[in-house]
Amino acid sequence: MYYNDFQDLKLSALGMGNMRLPVLDDEKHSIDEETTARMLDYCLKNGINYFDTAWPYHDGNSEIVVGNILSNYPRDSFYLATKFPTFDKSYFTRQEEVFEKQLSKCKVDYFDFYLLHNVSGHNINYFMDPELGGKVIDYLLKQKEAGRIRHFGFSTHASSEDFVKFLDTYGQYMEFCQIQLNWFDWEYQDAKFKVDELNKRGIPIWVMEPVRGGKLINYTQPYIDELKALRPNDEITDWCFKFLRTVPGVTMILSGMSNENQLHQNVETFKERDVLTEDEVKFLFGIKDKILAAKMIPCTACRYCTDTCPQQLDIPKMIEIYNDDVIAEYAFSTPNAIQRLGEGKGPTDCIQCRQCESQCPQNIAIPDVLEMLAQRAADNPFAKRPVR
């Protein structure tokens with residue numbers, strides 16, 4: 001494992017994200033604690049010293065499980081990061097309650113890194129209100145003065161306009177910024193603009209979604225042979241991480257590793273600082289253009305949309321089905337995949353309330369996609385029964 005400098009600290013270049021931990025019975029709230037404990041132990045024994053969690057991850061259980069496991073190790077052997085929840089306005093008046101609860105859940109007296117979670121168009125007006133965001137930040141800065149927060153920053157999926165608005169207002173207090181950054185989003189999600197703006201302001205960059213929740217692995221399957229011809233020993237995850245090493249200002253790369261094989265492979269990748277050449281980067285951008293041309297929907301399965309859906313639909317799963325169907329030009333599996341969603345949980349059960357859109361970091365017109373999926377399923381030549 002190689003390390004990057006952050007102020008007076010040496011941070012492992014790879015950080016362990018705890019948003020997609022292994023689960024039991026396919027239930028996101030039910031974390032497989034035995035496997036997770038082995039994974040975090042492997043992290044510490046192989047040089048990873050940064051662990052990232054958040055209030056809503058795994059329905060609130062990520063902070064608890066990560067805290068329980070890390071409490072078995074010396075406090076100075078790891079850096080722990082969590083985030084203040086901003087997806088509900090009520091949290092902006094409960095900052096002390098939330099923060100104290102997080103310390104208790106994580107079994108620590110202080111957080112090494114503490115972030116405002118997902119500054120975006122959904123909550124930017126709260127942050128611009130001195131009685132809401134202003135008071136939250138004042139409270140958290142006092143915790144920093146007291147040593148209960150060592151380093152303060154924010155994560156964001158904001159538009160470029162809202163991103164600059166937030167930085168112009170609070171940038172002086174932000175020691176680091178966590179953004180969605182990968183070769184697919186370099187231009188598609190305007191990540192390059194955010195990188196340039198943060199570098200201009202001297203704010204170190206934390207990376208989330210380096211492989212888009214694993215989706216980039218699926219997206220690039222048709223191009224694997226071409227990638228292998230250029231780098232025979234590299235997997236697509238290697239390409240993703242090596243691209244990020246070409247980006248100036250990147251200090252921490254987080255990966256939400258959900259099984260031990262992913263963890264082992266990523267640790268191997270971070271044993272050296274190998275980077276892509278300029279021509280290899282251009283090749284990746286060419287793949288991105290082909291993917292977009294194929295009308296892929298760029299969902300990362302963050303599941304923010306599902307938290308607000310009154311129908312409790314599994315939106316990321318349906319977008320995955322849609323993408324698979326588009327690539328396959330009508331997949332044999334599509335009708336059965338929709339049936340497996342369950343009664344009342346199919347694409348036609350969307351009531352078009354569009355609450356999900358306000359939560360989507362990718363700005364996906366989700367109800368429109370579900371409508372298109374329903375139509376594709378109805379037109380699918382392999383369909384044996386009507387779509388709900």
# chains A, B, ... in the order shown; residues from 1 in each chain; ligands from 1
$ closest_atom_pairs --of "stretch 63-138 of chain A" --to "stretch 362-377 of chain A" --cutoff "12 Å" --atoms "only C-alpha atoms" --output "CSV"
residue,atom,partner,partner_atom,distance
A:Ser120,CA,A:Asn363,CA,10.8
A:Gly121,CA,A:Asn363,CA,10.2
A:His122,CA,A:Asn363,CA,11.2
$ select_by_dssp --residues "stretch 138-333 of chain A" --states "helix (DSSP H, G or I)" --output "ChimeraX atom specification"
/A:138-145,160-173,185-188,191-201,215-219,221-230,236-244,260-269,278-293,305-307,315-328
$ closest_atom_pairs --of "stretch 173-217 of chain A" --to "stretch 39-52 of chain A" --cutoff "12 Å" --atoms "only C-alpha atoms" --output "CSV"
residue,atom,partner,partner_atom,distance
A:Gln178,CA,A:Asp52,CA,11.1
A:Trp206,CA,A:Asp52,CA,11.0
A:Val207,CA,A:Asp52,CA,11.5
A:Met208,CA,A:Asp52,CA,10.3
$ residues_around --residues "stretch 24-31 of chain A" --least-positions-apart "4" --cutoff "8 Å" --atoms "only C-alpha atoms" --output "ChimeraX atom specification"
/A:36,58-62,65
$ write_last_selection --atoms "C-alpha atoms" --output "short mmCIF file (atom, residue, chain, number, x, y, z; two decimals), in the first residue's frame"
data_model
loop_
_atom_site.label_atom_id
_atom_site.label_comp_id
_atom_site.auth_asym_id
_atom_site.auth_seq_id
_atom_site.Cartn_x
_atom_site.Cartn_y
_atom_site.Cartn_z
CA THR A 36 -17.07 -7.64 7.44
CA HIS A 58 -27.24 -0.01 5.56
CA ASP A 59 -30.30 1.62 7.18
CA GLY A 60 -28.12 3.08 9.93
CA ASN A 61 -26.27 -0.14 10.75
CA SER A 62 -22.98 0.59 9.00
CA VAL A 65 -20.98 -2.51 12.78
#
$ closest_residue --among "A:Pro22, A:Gly249, A:Gly171, A:Pro130" --to "A:Thr35" --atoms "only C-alpha atoms"
A:Pro22
$ closest_atom_pairs --of "stretch 201-283 of chain A" --to "stretch 295-307 of chain A" --cutoff "9 Å" --atoms "only C-alpha atoms" --output "CSV"
residue,atom,partner,partner_atom,distance
A:Glu209,CA,A:Thr300,CA,7.7
A:Val211,CA,A:Thr300,CA,8.9
A:Arg212,CA,A:Thr300,CA,5.2
A:Gly213,CA,A:Thr300,CA,5.1
A:Gly214,CA,A:Thr300,CA,7.7
A:Lys215,CA,A:Thr300,CA,6.6
A:Tyr219,CA,A:Met296,CA,8.5
$ residues_around --residues "A:Phe243" --least-positions-apart "5" --cutoff "12 Å" --atoms "only C-alpha atoms" --output "number ranges by chain"
A: 181-186, 207, 210-211, 236-238, 248, 250, 253, 273-285
$ write_last_selection --atoms "N, CA and C atoms" --output "PDB file, in the first residue's frame"
ATOM      1  N   LEU A 181     -16.056  10.627  -8.952  1.00  0.00           N
ATOM      2  CA  LEU A 181     -14.999  10.827  -9.947  1.00  0.00           C
ATOM      3  C   LEU A 181     -14.568   9.482 -10.514  1.00  0.00           C
ATOM      4  N   ASN A 182     -14.656   9.364 -11.814  1.00  0.00           N
ATOM      5  CA  ASN A 182     -14.172   8.201 -12.546  1.00  0.00           C
ATOM      6  C   ASN A 182     -14.074   8.601 -14.007  1.00  0.00           C
ATOM      7  N   TRP A 183     -13.524   7.743 -14.838  1.00  0.00           N
ATOM      8  CA  TRP A 183     -13.319   8.116 -16.239  1.00  0.00           C
ATOM      9  C   TRP A 183     -14.623   8.306 -16.991  1.00  0.00           C
ATOM     10  N   PHE A 184     -15.677   7.632 -16.558  1.00  0.00           N
ATOM     11  CA  PHE A 184     -16.970   7.787 -17.221  1.00  0.00           C
ATOM     12  C   PHE A 184     -17.572   9.154 -16.922  1.00  0.00           C
ATOM     13  N   ASP A 185     -17.405   9.630 -15.688  1.00  0.00           N
ATOM     14  CA  ASP A 185     -18.023  10.882 -15.243  1.00  0.00           C
ATOM     15  C   ASP A 185     -17.133  12.106 -15.422  1.00  0.00           C
ATOM     16  N   TRP A 186     -15.955  11.924 -15.973  1.00  0.00           N
ATOM     17  CA  TRP A 186     -15.018  13.042 -16.110  1.00  0.00           C
ATOM     18  C   TRP A 186     -15.675  14.233 -16.808  1.00  0.00           C
ATOM     19  N   VAL A 207     -12.210  10.727  -3.533  1.00  0.00           N
ATOM     20  CA  VAL A 207     -12.954  10.123  -4.640  1.00  0.00           C
ATOM     21  C   VAL A 207     -13.966   9.114  -4.128  1.00  0.00           C
ATOM     22  N   PRO A 210     -15.455   5.238  -7.688  1.00  0.00           N
ATOM     23  CA  PRO A 210     -14.395   5.095  -8.691  1.00  0.00           C
ATOM     24  C   PRO A 210     -14.731   4.092  -9.787  1.00  0.00           C
ATOM     25  N   VAL A 211     -15.622   3.126  -9.473  1.00  0.00           N
ATOM     26  CA  VAL A 211     -16.091   2.185 -10.499  1.00  0.00           C
ATOM     27  C   VAL A 211     -17.613   2.252 -10.623  1.00  0.00           C
ATOM     28  N   ILE A 236     -10.631  -4.299 -15.308  1.00  0.00           N
ATOM     29  CA  ILE A 236     -11.219  -2.980 -15.503  1.00  0.00           C
ATOM     30  C   ILE A 236     -11.078  -2.133 -14.232  1.00  0.00           C
ATOM     31  N   THR A 237     -11.113  -2.770 -13.052  1.00  0.00           N
ATOM     32  CA  THR A 237     -10.911  -1.991 -11.822  1.00  0.00           C
ATOM     33  C   THR A 237      -9.522  -1.362 -11.799  1.00  0.00           C
ATOM     34  N   ASP A 238      -8.533  -2.068 -12.322  1.00  0.00           N
ATOM     35  CA  ASP A 238      -7.183  -1.498 -12.400  1.00  0.00           C
ATOM     36  C   ASP A 238      -7.185  -0.258 -13.287  1.00  0.00           C
ATOM     37  N   PRO A 248      -4.897  15.426 -10.924  1.00  0.00           N
ATOM     38  CA  PRO A 248      -4.220  16.224  -9.897  1.00  0.00           C
ATOM     39  C   PRO A 248      -5.132  16.502  -8.709  1.00  0.00           C
ATOM     40  N   VAL A 250      -5.987  14.441  -6.268  1.00  0.00           N
ATOM     41  CA  VAL A 250      -6.625  13.272  -5.650  1.00  0.00           C
ATOM     42  C   VAL A 250      -5.749  12.746  -4.516  1.00  0.00           C
ATOM     43  N   ILE A 253      -8.864   7.660  -2.421  1.00  0.00           N
ATOM     44  CA  ILE A 253      -9.783   6.956  -3.311  1.00  0.00           C
ATOM     45  C   ILE A 253     -10.548   5.935  -2.479  1.00  0.00           C
ATOM     46  N   ARG A 273       2.115   2.788  -7.806  1.00  0.00           N
ATOM     47  CA  ARG A 273       1.444   3.991  -8.316  1.00  0.00           C
ATOM     48  C   ARG A 273       1.322   4.000  -9.838  1.00  0.00           C
ATOM     49  N   ASP A 274       1.266   2.876 -10.476  1.00  0.00           N
ATOM     50  CA  ASP A 274       1.184   2.816 -11.927  1.00  0.00           C
ATOM     51  C   ASP A 274       0.002   3.651 -12.430  1.00  0.00           C
ATOM     52  N   VAL A 275       0.223   4.443 -13.498  1.00  0.00           N
ATOM     53  CA  VAL A 275      -0.826   5.293 -14.052  1.00  0.00           C
ATOM     54  C   VAL A 275      -1.028   4.977 -15.530  1.00  0.00           C
ATOM     55  N   LEU A 276      -2.137   5.443 -16.074  1.00  0.00           N
ATOM     56  CA  LEU A 276      -2.416   5.273 -17.497  1.00  0.00           C
ATOM     57  C   LEU A 276      -1.666   6.327 -18.310  1.00  0.00           C
ATOM     58  N   THR A 277      -1.377   5.971 -19.542  1.00  0.00           N
ATOM     59  CA  THR A 277      -0.778   6.937 -20.458  1.00  0.00           C
ATOM     60  C   THR A 277      -1.879   7.835 -21.020  1.00  0.00           C
ATOM     61  N   GLU A 278      -1.478   8.905 -21.659  1.00  0.00           N
ATOM     62  CA  GLU A 278      -2.445   9.818 -22.264  1.00  0.00           C
ATOM     63  C   GLU A 278      -3.287   9.102 -23.313  1.00  0.00           C
ATOM     64  N   ASP A 279      -2.673   8.234 -24.093  1.00  0.00           N
ATOM     65  CA  ASP A 279      -3.414   7.493 -25.118  1.00  0.00           C
ATOM     66  C   ASP A 279      -4.407   6.515 -24.496  1.00  0.00           C
ATOM     67  N   GLU A 280      -4.024   5.908 -23.378  1.00  0.00           N
ATOM     68  CA  GLU A 280      -4.923   4.972 -22.704  1.00  0.00           C
ATOM     69  C   GLU A 280      -6.130   5.704 -22.118  1.00  0.00           C
ATOM     70  N   VAL A 281      -5.905   6.899 -21.598  1.00  0.00           N
ATOM     71  CA  VAL A 281      -7.020   7.706 -21.087  1.00  0.00           C
ATOM     72  C   VAL A 281      -7.987   8.046 -22.228  1.00  0.00           C
ATOM     73  N   LYS A 282      -7.449   8.434 -23.371  1.00  0.00           N
ATOM     74  CA  LYS A 282      -8.294   8.735 -24.528  1.00  0.00           C
ATOM     75  C   LYS A 282      -9.093   7.511 -24.954  1.00  0.00           C
ATOM     76  N   PHE A 283      -8.474   6.334 -24.835  1.00  0.00           N
ATOM     77  CA  PHE A 283      -9.174   5.103 -25.198  1.00  0.00           C
ATOM     78  C   PHE A 283     -10.376   4.883 -24.279  1.00  0.00           C
ATOM     79  N   LEU A 284     -10.191   5.120 -22.971  1.00  0.00           N
ATOM     80  CA  LEU A 284     -11.302   4.985 -22.028  1.00  0.00           C
ATOM     81  C   LEU A 284     -12.425   5.961 -22.357  1.00  0.00           C
ATOM     82  N   PHE A 285     -12.064   7.198 -22.677  1.00  0.00           N
ATOM     83  CA  PHE A 285     -13.085   8.178 -23.024  1.00  0.00           C
ATOM     84  C   PHE A 285     -13.857   7.737 -24.278  1.00  0.00           C
TER      85      PHE A 285
END
$ select_by_dssp --residues "stretch 52-283 of chain A" --states "strand (DSSP E)" --output "ChimeraX atom specification"
/A:52,79-84,111-119,149-156,176-180,205-208,250-255
$ closest_residue --among "A:Lys10, A:Arg20, A:Arg150, A:Lys288" --to "A:Tyr114" --atoms "only C-alpha atoms"
A:Arg150
$ atom_distance --atom1 "atom CA of A:Met1" --atom2 "atom CA of A:Asn266"
10.0 Å
$ atom_distance --atom1 "atom CA of A:Thr156" --atom2 "atom CA of A:His117"
7.0 Å
$ atom_distance --atom1 "atom CA of A:Thr269" --atom2 "atom CA of A:Gly17"
16.3 Å
$ closest_residue --among "A:Glu145, A:Asp88, A:Asp138, A:Asp325" --to "A:Tyr110" --atoms "only C-alpha atoms"
A:Glu145
$ residues_around --residues "A:Arg340" --least-positions-apart "4" --cutoff "12 Å" --atoms "only C-alpha atoms" --output "list in words"
Asp314, Lys317, Met318, Ile321, Ser333, Thr334, Pro335, Asn336, Gly344, Lys345, Gly346, Pro347, Val387 and Arg388 of chain A
$ write_last_selection --atoms "N, CA and C atoms" --output "PDB file, in the first residue's frame"
ATOM      1  N   ASP A 314     -37.929  -1.044  -6.130  1.00  0.00           N
ATOM      2  CA  ASP A 314     -36.483  -1.250  -6.229  1.00  0.00           C
ATOM      3  C   ASP A 314     -36.006  -0.606  -7.533  1.00  0.00           C
ATOM      4  N   LYS A 317     -32.636  -1.665  -9.257  1.00  0.00           N
ATOM      5  CA  LYS A 317     -32.741  -2.971  -9.900  1.00  0.00           C
ATOM      6  C   LYS A 317     -33.455  -2.845 -11.238  1.00  0.00           C
ATOM      7  N   MET A 318     -34.497  -2.017 -11.286  1.00  0.00           N
ATOM      8  CA  MET A 318     -35.223  -1.871 -12.540  1.00  0.00           C
ATOM      9  C   MET A 318     -34.389  -1.145 -13.593  1.00  0.00           C
ATOM     10  N   ILE A 321     -32.099  -3.714 -14.973  1.00  0.00           N
ATOM     11  CA  ILE A 321     -32.809  -4.545 -15.942  1.00  0.00           C
ATOM     12  C   ILE A 321     -32.942  -3.801 -17.272  1.00  0.00           C
ATOM     13  N   SER A 333     -33.865 -12.549 -20.402  1.00  0.00           N
ATOM     14  CA  SER A 333     -34.113 -12.551 -18.949  1.00  0.00           C
ATOM     15  C   SER A 333     -35.048 -11.447 -18.482  1.00  0.00           C
ATOM     16  N   THR A 334     -35.345 -10.463 -19.337  1.00  0.00           N
ATOM     17  CA  THR A 334     -36.088  -9.289 -18.885  1.00  0.00           C
ATOM     18  C   THR A 334     -37.476  -9.608 -18.318  1.00  0.00           C
ATOM     19  N   PRO A 335     -38.324 -10.358 -19.005  1.00  0.00           N
ATOM     20  CA  PRO A 335     -39.657 -10.627 -18.434  1.00  0.00           C
ATOM     21  C   PRO A 335     -39.599 -11.306 -17.072  1.00  0.00           C
ATOM     22  N   ASN A 336     -38.738 -12.296 -16.939  1.00  0.00           N
ATOM     23  CA  ASN A 336     -38.626 -13.005 -15.660  1.00  0.00           C
ATOM     24  C   ASN A 336     -38.042 -12.107 -14.576  1.00  0.00           C
ATOM     25  N   GLY A 344     -46.898  -5.770  -7.399  1.00  0.00           N
ATOM     26  CA  GLY A 344     -46.976  -4.355  -7.047  1.00  0.00           C
ATOM     27  C   GLY A 344     -45.653  -3.637  -7.039  1.00  0.00           C
ATOM     28  N   LYS A 345     -44.601  -4.282  -7.538  1.00  0.00           N
ATOM     29  CA  LYS A 345     -43.250  -3.693  -7.488  1.00  0.00           C
ATOM     30  C   LYS A 345     -42.619  -3.564  -8.868  1.00  0.00           C
ATOM     31  N   GLY A 346     -43.429  -3.656  -9.928  1.00  0.00           N
ATOM     32  CA  GLY A 346     -42.905  -3.562 -11.272  1.00  0.00           C
ATOM     33  C   GLY A 346     -42.867  -2.137 -11.796  1.00  0.00           C
ATOM     34  N   PRO A 347     -42.375  -1.928 -13.002  1.00  0.00           N
ATOM     35  CA  PRO A 347     -42.231  -0.582 -13.544  1.00  0.00           C
ATOM     36  C   PRO A 347     -43.559   0.141 -13.728  1.00  0.00           C
ATOM     37  N   VAL A 387     -46.807  -7.328 -18.277  1.00  0.00           N
ATOM     38  CA  VAL A 387     -46.006  -6.688 -17.240  1.00  0.00           C
ATOM     39  C   VAL A 387     -46.903  -5.936 -16.285  1.00  0.00           C
ATOM     40  N   ARG A 388     -46.638  -6.033 -15.002  1.00  0.00           N
ATOM     41  CA  ARG A 388     -47.443  -5.308 -14.017  1.00  0.00           C
ATOM     42  C   ARG A 388     -47.224  -3.811 -14.165  1.00  0.00           C
TER      43      ARG A 388
END
$ closest_residue --among "A:Ala158, A:Lys144, A:Ile149, A:Tyr91" --to "A:Leu132" --atoms "only C-alpha atoms"
A:Tyr91
$ residues_around --residues "A:Phe92" --least-positions-apart "3" --cutoff "10 Å" --atoms "only C-alpha atoms" --output "VMD selection string"
chain A and resid 84 to 89 95 to 96 98 126 to 127 131 to 137
$ write_last_selection --atoms "N, CA and C atoms" --output "PDB file, in the first residue's frame"
ATOM      1  N   PHE A  84     -22.571  13.978   8.397  1.00  0.00           N
ATOM      2  CA  PHE A  84     -23.805  14.535   8.934  1.00  0.00           C
ATOM      3  C   PHE A  84     -24.909  14.377   7.888  1.00  0.00           C
ATOM      4  N   PRO A  85     -26.052  13.767   8.250  1.00  0.00           N
ATOM      5  CA  PRO A  85     -27.118  13.526   7.269  1.00  0.00           C
ATOM      6  C   PRO A  85     -27.808  14.832   6.868  1.00  0.00           C
ATOM      7  N   THR A  86     -28.000  14.998   5.560  1.00  0.00           N
ATOM      8  CA  THR A  86     -28.597  16.237   5.054  1.00  0.00           C
ATOM      9  C   THR A  86     -29.805  15.970   4.157  1.00  0.00           C
ATOM     10  N   PHE A  87     -30.235  14.708   4.070  1.00  0.00           N
ATOM     11  CA  PHE A  87     -31.303  14.364   3.140  1.00  0.00           C
ATOM     12  C   PHE A  87     -32.681  14.690   3.695  1.00  0.00           C
ATOM     13  N   ASP A  88     -32.772  15.029   4.991  1.00  0.00           N
ATOM     14  CA  ASP A  88     -34.034  15.389   5.627  1.00  0.00           C
ATOM     15  C   ASP A  88     -33.834  16.705   6.372  1.00  0.00           C
ATOM     16  N   LYS A  89     -34.716  17.642   6.127  1.00  0.00           N
ATOM     17  CA  LYS A  89     -34.601  18.972   6.729  1.00  0.00           C
ATOM     18  C   LYS A  89     -34.576  18.910   8.248  1.00  0.00           C
ATOM     19  N   GLN A  95     -28.703  18.811  15.138  1.00  0.00           N
ATOM     20  CA  GLN A  95     -27.294  18.515  14.913  1.00  0.00           C
ATOM     21  C   GLN A  95     -26.594  17.918  16.139  1.00  0.00           C
ATOM     22  N   GLU A  96     -26.896  18.411  17.307  1.00  0.00           N
ATOM     23  CA  GLU A  96     -26.239  17.871  18.506  1.00  0.00           C
ATOM     24  C   GLU A  96     -26.677  16.432  18.760  1.00  0.00           C
ATOM     25  N   VAL A  98     -27.766  14.236  16.615  1.00  0.00           N
ATOM     26  CA  VAL A  98     -27.195  13.365  15.588  1.00  0.00           C
ATOM     27  C   VAL A  98     -25.725  13.088  15.866  1.00  0.00           C
ATOM     28  N   TYR A 126     -31.041  24.871   2.199  1.00  0.00           N
ATOM     29  CA  TYR A 126     -30.895  24.718   3.647  1.00  0.00           C
ATOM     30  C   TYR A 126     -29.544  25.272   4.097  1.00  0.00           C
ATOM     31  N   PHE A 127     -28.513  24.975   3.313  1.00  0.00           N
ATOM     32  CA  PHE A 127     -27.179  25.456   3.671  1.00  0.00           C
ATOM     33  C   PHE A 127     -27.058  26.970   3.527  1.00  0.00           C
ATOM     34  N   GLU A 131     -30.203  29.984   9.633  1.00  0.00           N
ATOM     35  CA  GLU A 131     -30.887  29.314  10.738  1.00  0.00           C
ATOM     36  C   GLU A 131     -30.893  27.797  10.591  1.00  0.00           C
ATOM     37  N   LEU A 132     -30.491  27.304   9.437  1.00  0.00           N
ATOM     38  CA  LEU A 132     -30.429  25.860   9.223  1.00  0.00           C
ATOM     39  C   LEU A 132     -28.990  25.428   8.988  1.00  0.00           C
ATOM     40  N   GLY A 133     -28.521  25.520   7.753  1.00  0.00           N
ATOM     41  CA  GLY A 133     -27.145  25.120   7.463  1.00  0.00           C
ATOM     42  C   GLY A 133     -26.119  25.916   8.246  1.00  0.00           C
ATOM     43  N   GLY A 134     -26.377  27.198   8.420  1.00  0.00           N
ATOM     44  CA  GLY A 134     -25.430  28.027   9.157  1.00  0.00           C
ATOM     45  C   GLY A 134     -25.212  27.536  10.571  1.00  0.00           C
ATOM     46  N   LYS A 135     -26.309  27.186  11.238  1.00  0.00           N
ATOM     47  CA  LYS A 135     -26.191  26.705  12.626  1.00  0.00           C
ATOM     48  C   LYS A 135     -25.538  25.322  12.695  1.00  0.00           C
ATOM     49  N   VAL A 136     -25.824  24.472  11.699  1.00  0.00           N
ATOM     50  CA  VAL A 136     -25.181  23.158  11.665  1.00  0.00           C
ATOM     51  C   VAL A 136     -23.670  23.308  11.554  1.00  0.00           C
ATOM     52  N   ILE A 137     -23.238  24.138  10.641  1.00  0.00           N
ATOM     53  CA  ILE A 137     -21.797  24.314  10.434  1.00  0.00           C
ATOM     54  C   ILE A 137     -21.161  24.981  11.642  1.00  0.00           C
TER      55      ILE A 137
END
$ decode --residues "stretch 270-285 of chain A" --atoms "N, CA and C atoms" --output "PDB file, in the first residue's frame"
ATOM      1  N   PHE A 270      -3.149  -1.323  -5.375  1.00  0.00           N
ATOM      2  CA  PHE A 270      -2.592  -0.156  -4.691  1.00  0.00           C
ATOM      3  C   PHE A 270      -1.220  -0.416  -4.073  1.00  0.00           C
ATOM      4  N   LYS A 271      -0.573  -1.472  -4.511  1.00  0.00           N
ATOM      5  CA  LYS A 271       0.798  -1.690  -4.048  1.00  0.00           C
ATOM      6  C   LYS A 271       1.788  -0.803  -4.792  1.00  0.00           C
ATOM      7  N   GLU A 272       1.363  -0.243  -5.930  1.00  0.00           N
ATOM      8  CA  GLU A 272       2.237   0.624  -6.703  1.00  0.00           C
ATOM      9  C   GLU A 272       1.417   1.764  -7.303  1.00  0.00           C
ATOM     10  N   ARG A 273       2.115   2.788  -7.806  1.00  0.00           N
ATOM     11  CA  ARG A 273       1.444   3.991  -8.316  1.00  0.00           C
ATOM     12  C   ARG A 273       1.322   4.000  -9.838  1.00  0.00           C
ATOM     13  N   ASP A 274       1.266   2.876 -10.476  1.00  0.00           N
ATOM     14  CA  ASP A 274       1.184   2.816 -11.927  1.00  0.00           C
ATOM     15  C   ASP A 274       0.002   3.651 -12.430  1.00  0.00           C
ATOM     16  N   VAL A 275       0.223   4.443 -13.498  1.00  0.00           N
ATOM     17  CA  VAL A 275      -0.826   5.293 -14.052  1.00  0.00           C
ATOM     18  C   VAL A 275      -1.028   4.977 -15.530  1.00  0.00           C
ATOM     19  N   LEU A 276      -2.137   5.443 -16.074  1.00  0.00           N
ATOM     20  CA  LEU A 276      -2.416   5.273 -17.497  1.00  0.00           C
ATOM     21  C   LEU A 276      -1.666   6.327 -18.310  1.00  0.00           C
ATOM     22  N   THR A 277      -1.377   5.971 -19.542  1.00  0.00           N
ATOM     23  CA  THR A 277      -0.778   6.937 -20.458  1.00  0.00           C
ATOM     24  C   THR A 277      -1.879   7.835 -21.020  1.00  0.00           C
ATOM     25  N   GLU A 278      -1.478   8.905 -21.659  1.00  0.00           N
ATOM     26  CA  GLU A 278      -2.445   9.818 -22.264  1.00  0.00           C
ATOM     27  C   GLU A 278      -3.287   9.102 -23.313  1.00  0.00           C
ATOM     28  N   ASP A 279      -2.673   8.234 -24.093  1.00  0.00           N
ATOM     29  CA  ASP A 279      -3.414   7.493 -25.118  1.00  0.00           C
ATOM     30  C   ASP A 279      -4.407   6.515 -24.496  1.00  0.00           C
ATOM     31  N   GLU A 280      -4.024   5.908 -23.378  1.00  0.00           N
ATOM     32  CA  GLU A 280      -4.923   4.972 -22.704  1.00  0.00           C
ATOM     33  C   GLU A 280      -6.130   5.704 -22.118  1.00  0.00           C
ATOM     34  N   VAL A 281      -5.905   6.899 -21.598  1.00  0.00           N
ATOM     35  CA  VAL A 281      -7.020   7.706 -21.087  1.00  0.00           C
ATOM     36  C   VAL A 281      -7.987   8.046 -22.228  1.00  0.00           C
ATOM     37  N   LYS A 282      -7.449   8.434 -23.371  1.00  0.00           N
ATOM     38  CA  LYS A 282      -8.294   8.735 -24.528  1.00  0.00           C
ATOM     39  C   LYS A 282      -9.093   7.511 -24.954  1.00  0.00           C
ATOM     40  N   PHE A 283      -8.474   6.334 -24.835  1.00  0.00           N
ATOM     41  CA  PHE A 283      -9.174   5.103 -25.198  1.00  0.00           C
ATOM     42  C   PHE A 283     -10.376   4.883 -24.279  1.00  0.00           C
ATOM     43  N   LEU A 284     -10.191   5.120 -22.971  1.00  0.00           N
ATOM     44  CA  LEU A 284     -11.302   4.985 -22.028  1.00  0.00           C
ATOM     45  C   LEU A 284     -12.425   5.961 -22.357  1.00  0.00           C
ATOM     46  N   PHE A 285     -12.064   7.198 -22.677  1.00  0.00           N
ATOM     47  CA  PHE A 285     -13.085   8.178 -23.024  1.00  0.00           C
ATOM     48  C   PHE A 285     -13.857   7.737 -24.278  1.00  0.00           C
TER      49      PHE A 285
END
